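Heads up: the structure comes next, in structure tokens.
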Amino acid sequence: MTVLEDRIAMADADANTKRLDEWFERLERMPVPEGFRVEIVGGNVFMTPQRNTHWQIIRRILRALEDRFGEDVLVFSDVRVDFPGFENGFCPDIALLKDGAKPDDTGHWRYQDVEFVAEVISKGTAANDYGPKRTAYAEAEVPVYVIADPYQGRCHVYTDPKDGDYADPVRVDFGTDVDLTGTVVGLVLTTDKFPRD
């Protein structure tokens with residue numbers, strides 16, 4: 001990239017963040033029902049309820065990460081991170097950040113510090129997780145992206161992003177271990193207790 005292209009990209013990112021800040025400020029003032037998650041994907045607002053199945057899978061993945069890295073691991077659920085692309089203010093089901101990651105000057109977590117993302121499929125937003133969010137995670141070079149799909153009873157594991165995309169995923173049926181030992185996560189994720197919808 002040239003210096004001019006770098007400056008244009010930085011200006012676009014700043015404008016995106018400002019627009020997303022405005023959107024989220026408005027959304028915080030709205031009467032969003034308890035138990036709903038709100039995020040912005042490609043400039044569109046999505047509100048989805050968190051079901052029991054959804055939470056049980058998230059909880060099991062969070063526990064696996066804490067067992068591997070300790071209770072002080074920098075991992076969170078449903079916290080905003082702005083990702084590359086047009087107005088992508090995602091709130092991943094699970095995001096693991098690098099050791100020592102800190103919010104930027106505006107208080108936002110940086111997508112460059114995200115090492116692992118897991119999304120649990122909801123009927124209303126499945127297309128986002130398999131489509132634009134997968135693309136944004138690849139463009140952000142998130143090393144490991146796992147989709148847990150309780151409707152299929154399967155995990156889709158994406159690794160090693162190249163040129164803004166992931167290769168075809170490894171598909172692992174619930175009940176079979178997901179081997180992430182060769183990745184930055186460095187663990188085996190057991191799925192035998194993942195519930196199905």
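Chain labels follow the order of the structure tokens: the first chain is A, the next B, and so on; residue numbering restarts at 1 in every chain, and ligands are counted from 1 in their shown order.
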
Inset, instruction - Would you mind listing what lies within 9 Å of Asp82 (chain A) as a PyMOL selection string, with only C-alpha atoms counted and same-chain residues fewer than 4 positions away left out? - result: chain A and resi 16-17+20+87-91+108-111

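Taking CA of Val75 (chain A) as the reference point, CA of Ala95 (chain A) is found at 5.6 Å.
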
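The coordinates place CA of Phe83 (chain A) at 6.7 Å from CA of Ala140 (chain A).
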
Inset, instruction - Identify, with DSSP run on backbone atoms, the residues in region 4-183 of chain A assigned to alpha helix (DSSP H), and express the list as JSON, numbers by chain. - result: {"A": [4, 5, 6, 7, 8, 9, 10, 11, 12, 13, 14, 15, 16, 17, 18, 19, 20, 21, 22, 23, 24, 25, 26, 27, 28, 29, 52, 53, 54, 55, 56, 57, 58, 59, 60, 61, 62, 63, 64, 65, 66, 67, 68, 69, 126, 127, 128, 129, 130, 132, 133, 134, 135, 136, 137, 138, 139]}

Inset, instruction - Would you return as a ChimeraX atom specification the members of region 100-193 of chain A that DSSP assigns to strand (DSSP E or B) on this structure's backbone? - result: /A:109-110,114-120,144-149,154-159,162,165,170-173,178-179,188-189

Legend entry - Top pick for closest residue to Asp173 (chain A), considering A:Pro84, A:Pro143, A:Gly153, A:Pro161 and counting only C-alpha atoms: A:Gly153

Inset, instruction - Would you mind listing what lies within 12 Å of Gly186 (chain A) as a PyMOL selection string, with only C-alpha atoms counted and same-chain residues fewer than 2 positions away left out? - result: chain A and resi 64-65+67-69+115-116+143-144+178-184+188-189

So that I can see what lies close to region 40-56 of chain A, please list as a PDB file with N, CA, C and O atoms, in the first residue's frame the residues with an atom at most 10 Å from it, counting only C-alpha atoms and leaving out residues fewer than 5 positions away in the same chain.
```pdb
ATOM      1  N   ASN A  16     -16.013   4.821  10.171  1.00  0.00           N
ATOM      2  CA  ASN A  16     -16.809   3.640  10.516  1.00  0.00           C
ATOM      3  C   ASN A  16     -17.039   3.562  12.020  1.00  0.00           C
ATOM      4  O   ASN A  16     -18.151   3.326  12.475  1.00  0.00           O
ATOM      5  N   ARG A  19     -19.510   6.210  13.218  1.00  0.00           N
ATOM      6  CA  ARG A  19     -20.890   5.832  12.877  1.00  0.00           C
ATOM      7  C   ARG A  19     -21.379   4.712  13.793  1.00  0.00           C
ATOM      8  O   ARG A  19     -22.513   4.731  14.268  1.00  0.00           O
ATOM      9  N   LEU A  20     -20.514   3.729  14.041  1.00  0.00           N
ATOM     10  CA  LEU A  20     -20.903   2.631  14.928  1.00  0.00           C
ATOM     11  C   LEU A  20     -21.137   3.125  16.349  1.00  0.00           C
ATOM     12  O   LEU A  20     -22.079   2.683  17.013  1.00  0.00           O
ATOM     13  N   TRP A  23     -24.554   4.617  16.387  1.00  0.00           N
ATOM     14  CA  TRP A  23     -25.581   3.568  16.351  1.00  0.00           C
ATOM     15  C   TRP A  23     -25.738   2.908  17.721  1.00  0.00           C
ATOM     16  O   TRP A  23     -26.849   2.743  18.217  1.00  0.00           O
ATOM     17  N   PHE A  24     -24.623   2.525  18.312  1.00  0.00           N
ATOM     18  CA  PHE A  24     -24.704   1.829  19.602  1.00  0.00           C
ATOM     19  C   PHE A  24     -25.226   2.745  20.706  1.00  0.00           C
ATOM     20  O   PHE A  24     -25.953   2.296  21.592  1.00  0.00           O
ATOM     21  N   LEU A  27     -28.893   2.690  20.238  1.00  0.00           N
ATOM     22  CA  LEU A  27     -29.440   1.392  20.635  1.00  0.00           C
ATOM     23  C   LEU A  27     -29.486   1.244  22.156  1.00  0.00           C
ATOM     24  O   LEU A  27     -30.404   0.624  22.694  1.00  0.00           O
ATOM     25  N   VAL A  32     -34.434  -2.266  24.529  1.00  0.00           N
ATOM     26  CA  VAL A  32     -34.097  -3.602  24.045  1.00  0.00           C
ATOM     27  C   VAL A  32     -34.502  -4.600  25.125  1.00  0.00           C
ATOM     28  O   VAL A  32     -34.122  -4.445  26.286  1.00  0.00           O
ATOM     29  N   PRO A  33     -35.274  -5.619  24.775  1.00  0.00           N
ATOM     30  CA  PRO A  33     -35.720  -6.595  25.777  1.00  0.00           C
ATOM     31  C   PRO A  33     -34.553  -7.301  26.457  1.00  0.00           C
ATOM     32  O   PRO A  33     -33.503  -7.532  25.852  1.00  0.00           O
ATOM     33  N   GLU A  34     -34.740  -7.623  27.715  1.00  0.00           N
ATOM     34  CA  GLU A  34     -33.744  -8.368  28.495  1.00  0.00           C
ATOM     35  C   GLU A  34     -33.415  -9.684  27.793  1.00  0.00           C
ATOM     36  O   GLU A  34     -34.298 -10.360  27.271  1.00  0.00           O
ATOM     37  N   GLY A  35     -32.139 -10.030  27.761  1.00  0.00           N
ATOM     38  CA  GLY A  35     -31.729 -11.302  27.185  1.00  0.00           C
ATOM     39  C   GLY A  35     -31.518 -11.277  25.678  1.00  0.00           C
ATOM     40  O   GLY A  35     -31.314 -12.318  25.061  1.00  0.00           O
ATOM     41  N   ILE A  61     -17.661 -23.587  26.102  1.00  0.00           N
ATOM     42  CA  ILE A  61     -16.456 -23.109  25.422  1.00  0.00           C
ATOM     43  C   ILE A  61     -15.675 -22.167  26.339  1.00  0.00           C
ATOM     44  O   ILE A  61     -14.439 -22.251  26.425  1.00  0.00           O
ATOM     45  N   LEU A  62     -16.381 -21.272  27.027  1.00  0.00           N
ATOM     46  CA  LEU A  62     -15.707 -20.369  27.971  1.00  0.00           C
ATOM     47  C   LEU A  62     -14.962 -21.146  29.051  1.00  0.00           C
ATOM     48  O   LEU A  62     -13.816 -20.824  29.390  1.00  0.00           O
ATOM     49  N   ARG A  80     -18.604  -5.649  22.240  1.00  0.00           N
ATOM     50  CA  ARG A  80     -18.383  -5.075  20.905  1.00  0.00           C
ATOM     51  C   ARG A  80     -16.910  -5.017  20.517  1.00  0.00           C
ATOM     52  O   ARG A  80     -16.064  -4.566  21.273  1.00  0.00           O
ATOM     53  N   ASP A  82     -15.112  -3.815  16.708  1.00  0.00           N
ATOM     54  CA  ASP A  82     -15.338  -3.391  15.326  1.00  0.00           C
ATOM     55  C   ASP A  82     -14.376  -4.134  14.411  1.00  0.00           C
ATOM     56  O   ASP A  82     -13.160  -4.123  14.637  1.00  0.00           O
ATOM     57  N   PHE A  83     -14.938  -4.780  13.389  1.00  0.00           N
ATOM     58  CA  PHE A  83     -14.148  -5.579  12.461  1.00  0.00           C
ATOM     59  C   PHE A  83     -14.124  -4.922  11.085  1.00  0.00           C
ATOM     60  O   PHE A  83     -14.955  -4.062  10.792  1.00  0.00           O
ATOM     61  N   PRO A  84     -13.168  -5.312  10.236  1.00  0.00           N
ATOM     62  CA  PRO A  84     -13.076  -4.718   8.897  1.00  0.00           C
ATOM     63  C   PRO A  84     -14.379  -4.883   8.116  1.00  0.00           C
ATOM     64  O   PRO A  84     -15.141  -5.820   8.337  1.00  0.00           O
ATOM     65  N   GLY A  85     -14.571  -3.961   7.194  1.00  0.00           N
ATOM     66  CA  GLY A  85     -15.772  -3.967   6.377  1.00  0.00           C
ATOM     67  C   GLY A  85     -16.656  -2.796   6.746  1.00  0.00           C
ATOM     68  O   GLY A  85     -16.356  -2.027   7.659  1.00  0.00           O
ATOM     69  N   PHE A  86     -17.745  -2.663   6.058  1.00  0.00           N
ATOM     70  CA  PHE A  86     -18.655  -1.537   6.260  1.00  0.00           C
ATOM     71  C   PHE A  86     -19.489  -1.728   7.514  1.00  0.00           C
ATOM     72  O   PHE A  86     -20.269  -2.661   7.607  1.00  0.00           O
ATOM     73  N   GLU A  87     -19.290  -0.861   8.495  1.00  0.00           N
ATOM     74  CA  GLU A  87     -20.078  -0.822   9.722  1.00  0.00           C
ATOM     75  C   GLU A  87     -20.304  -2.204  10.341  1.00  0.00           C
ATOM     76  O   GLU A  87     -21.424  -2.684  10.472  1.00  0.00           O
ATOM     77  N   ASN A  88     -19.210  -2.829  10.726  1.00  0.00           N
ATOM     78  CA  ASN A  88     -19.241  -4.141  11.372  1.00  0.00           C
ATOM     79  C   ASN A  88     -18.912  -4.012  12.854  1.00  0.00           C
ATOM     80  O   ASN A  88     -17.755  -4.124  13.256  1.00  0.00           O
ATOM     81  N   GLY A  89     -19.910  -3.755  13.674  1.00  0.00           N
ATOM     82  CA  GLY A  89     -19.747  -3.709  15.119  1.00  0.00           C
ATOM     83  C   GLY A  89     -20.264  -5.016  15.692  1.00  0.00           C
ATOM     84  O   GLY A  89     -21.422  -5.112  16.080  1.00  0.00           O
ATOM     85  N   PHE A  90     -19.408  -6.045  15.702  1.00  0.00           N
ATOM     86  CA  PHE A  90     -19.824  -7.373  16.134  1.00  0.00           C
ATOM     87  C   PHE A  90     -19.718  -7.507  17.649  1.00  0.00           C
ATOM     88  O   PHE A  90     -18.859  -6.899  18.288  1.00  0.00           O
ATOM     89  N   CYS A  91     -20.551  -8.368  18.195  1.00  0.00           N
ATOM     90  CA  CYS A  91     -20.490  -8.762  19.606  1.00  0.00           C
ATOM     91  C   CYS A  91     -20.379 -10.281  19.616  1.00  0.00           C
ATOM     92  O   CYS A  91     -21.378 -10.992  19.788  1.00  0.00           O
ATOM     93  N   ASP A  93     -20.043 -14.214  20.233  1.00  0.00           N
ATOM     94  CA  ASP A  93     -20.456 -15.052  21.357  1.00  0.00           C
ATOM     95  C   ASP A  93     -19.273 -15.288  22.286  1.00  0.00           C
ATOM     96  O   ASP A  93     -19.408 -15.259  23.501  1.00  0.00           O
ATOM     97  N   GLU A 119     -18.814 -18.540  17.412  1.00  0.00           N
ATOM     98  CA  GLU A 119     -20.195 -18.093  17.267  1.00  0.00           C
ATOM     99  C   GLU A 119     -21.081 -19.320  17.349  1.00  0.00           C
ATOM    100  O   GLU A 119     -20.769 -20.369  16.773  1.00  0.00           O
ATOM    101  N   VAL A 120     -22.184 -19.192  18.091  1.00  0.00           N
ATOM    102  CA  VAL A 120     -23.178 -20.262  18.188  1.00  0.00           C
ATOM    103  C   VAL A 120     -24.364 -19.822  17.345  1.00  0.00           C
ATOM    104  O   VAL A 120     -24.889 -18.725  17.524  1.00  0.00           O
ATOM    105  N   ILE A 121     -24.761 -20.680  16.445  1.00  0.00           N
ATOM    106  CA  ILE A 121     -25.800 -20.338  15.467  1.00  0.00           C
ATOM    107  C   ILE A 121     -27.152 -20.115  16.124  1.00  0.00           C
ATOM    108  O   ILE A 121     -27.593 -20.890  16.967  1.00  0.00           O
ATOM    109  N   SER A 122     -27.799 -19.025  15.690  1.00  0.00           N
ATOM    110  CA  SER A 122     -29.209 -18.771  15.971  1.00  0.00           C
ATOM    111  C   SER A 122     -29.914 -18.769  14.627  1.00  0.00           C
ATOM    112  O   SER A 122     -29.329 -18.343  13.623  1.00  0.00           O
ATOM    113  N   LYS A 123     -31.151 -19.222  14.592  1.00  0.00           N
ATOM    114  CA  LYS A 123     -31.855 -19.301  13.307  1.00  0.00           C
ATOM    115  C   LYS A 123     -31.877 -17.973  12.565  1.00  0.00           C
ATOM    116  O   LYS A 123     -31.649 -17.912  11.375  1.00  0.00           O
ATOM    117  N   GLY A 124     -32.138 -16.883  13.292  1.00  0.00           N
ATOM    118  CA  GLY A 124     -32.303 -15.589  12.644  1.00  0.00           C
ATOM    119  C   GLY A 124     -31.034 -14.958  12.118  1.00  0.00           C
ATOM    120  O   GLY A 124     -31.080 -14.070  11.271  1.00  0.00           O
ATOM    121  N   THR A 125     -29.881 -15.397  12.625  1.00  0.00           N
ATOM    122  CA  THR A 125     -28.620 -14.756  12.224  1.00  0.00           C
ATOM    123  C   THR A 125     -27.588 -15.746  11.679  1.00  0.00           C
ATOM    124  O   THR A 125     -26.426 -15.379  11.512  1.00  0.00           O
ATOM    125  N   ASN A 128     -25.426 -14.588   8.817  1.00  0.00           N
ATOM    126  CA  ASN A 128     -24.333 -13.664   9.166  1.00  0.00           C
ATOM    127  C   ASN A 128     -23.088 -14.431   9.593  1.00  0.00           C
ATOM    128  O   ASN A 128     -21.973 -14.100   9.186  1.00  0.00           O
ATOM    129  N   ASP A 129     -23.267 -15.443  10.451  1.00  0.00           N
ATOM    130  CA  ASP A 129     -22.120 -16.191  10.977  1.00  0.00           C
ATOM    131  C   ASP A 129     -21.390 -16.952   9.881  1.00  0.00           C
ATOM    132  O   ASP A 129     -20.161 -17.022   9.881  1.00  0.00           O
ATOM    133  N   PRO A 132     -21.066 -12.880   6.086  1.00  0.00           N
ATOM    134  CA  PRO A 132     -20.273 -11.656   6.284  1.00  0.00           C
ATOM    135  C   PRO A 132     -19.387 -11.664   7.529  1.00  0.00           C
ATOM    136  O   PRO A 132     -18.305 -11.071   7.502  1.00  0.00           O
ATOM    137  N   LYS A 133     -19.799 -12.321   8.593  1.00  0.00           N
ATOM    138  CA  LYS A 133     -18.936 -12.353   9.777  1.00  0.00           C
ATOM    139  C   LYS A 133     -17.712 -13.236   9.521  1.00  0.00           C
ATOM    140  O   LYS A 133     -16.596 -12.873   9.898  1.00  0.00           O
ATOM    141  N   ALA A 136     -15.390 -11.115   7.486  1.00  0.00           N
ATOM    142  CA  ALA A 136     -14.742 -10.072   8.294  1.00  0.00           C
ATOM    143  C   ALA A 136     -13.686 -10.664   9.214  1.00  0.00           C
ATOM    144  O   ALA A 136     -12.605 -10.079   9.387  1.00  0.00           O
ATOM    145  N   ALA A 148     -20.375 -23.115  16.124  1.00  0.00           N
ATOM    146  CA  ALA A 148     -21.084 -24.254  16.716  1.00  0.00           C
ATOM    147  C   ALA A 148     -22.535 -24.157  16.266  1.00  0.00           C
ATOM    148  O   ALA A 148     -23.205 -23.162  16.548  1.00  0.00           O
ATOM    149  N   ASP A 149     -22.997 -25.160  15.569  1.00  0.00           N
ATOM    150  CA  ASP A 149     -24.339 -25.139  14.984  1.00  0.00           C
ATOM    151  C   ASP A 149     -25.207 -26.215  15.637  1.00  0.00           C
ATOM    152  O   ASP A 149     -25.124 -27.390  15.276  1.00  0.00           O
ATOM    153  N   PRO A 150     -26.043 -25.825  16.622  1.00  0.00           N
ATOM    154  CA  PRO A 150     -26.870 -26.818  17.308  1.00  0.00           C
ATOM    155  C   PRO A 150     -27.978 -27.399  16.444  1.00  0.00           C
ATOM    156  O   PRO A 150     -28.560 -28.418  16.794  1.00  0.00           O
ATOM    157  N   LYS A 193     -21.148 -32.709  25.343  1.00  0.00           N
ATOM    158  CA  LYS A 193     -22.260 -32.153  26.127  1.00  0.00           C
ATOM    159  C   LYS A 193     -22.883 -30.930  25.472  1.00  0.00           C
ATOM    160  O   LYS A 193     -23.681 -30.232  26.087  1.00  0.00           O
ATOM    161  N   PHE A 194     -22.512 -30.636  24.215  1.00  0.00           N
ATOM    162  CA  PHE A 194     -23.152 -29.537  23.502  1.00  0.00           C
ATOM    163  C   PHE A 194     -24.594 -29.939  23.194  1.00  0.00           C
ATOM    164  O   PHE A 194     -24.829 -30.961  22.542  1.00  0.00           O
ATOM    165  N   PRO A 195     -25.576 -29.153  23.640  1.00  0.00           N
ATOM    166  CA  PRO A 195     -26.968 -29.497  23.339  1.00  0.00           C
ATOM    167  C   PRO A 195     -27.307 -29.192  21.867  1.00  0.00           C
ATOM    168  O   PRO A 195     -26.636 -28.405  21.227  1.00  0.00           O
ATOM    169  N   ARG A 196     -28.364 -29.821  21.400  1.00  0.00           N
ATOM    170  CA  ARG A 196     -28.849 -29.611  20.024  1.00  0.00           C
ATOM    171  C   ARG A 196     -30.211 -28.949  20.062  1.00  0.00           C
ATOM    172  O   ARG A 196     -30.943 -29.067  21.026  1.00  0.00           O
ATOM    173  N   ASP A 197     -30.526 -28.275  18.969  1.00  0.00           N
ATOM    174  CA  ASP A 197     -31.864 -27.700  18.797  1.00  0.00           C
ATOM    175  C   ASP A 197     -32.596 -28.480  17.732  1.00  0.00           C
ATOM    176  O   ASP A 197     -32.040 -28.984  16.814  1.00  0.00           O
TER     177      ASP A 197
END
```
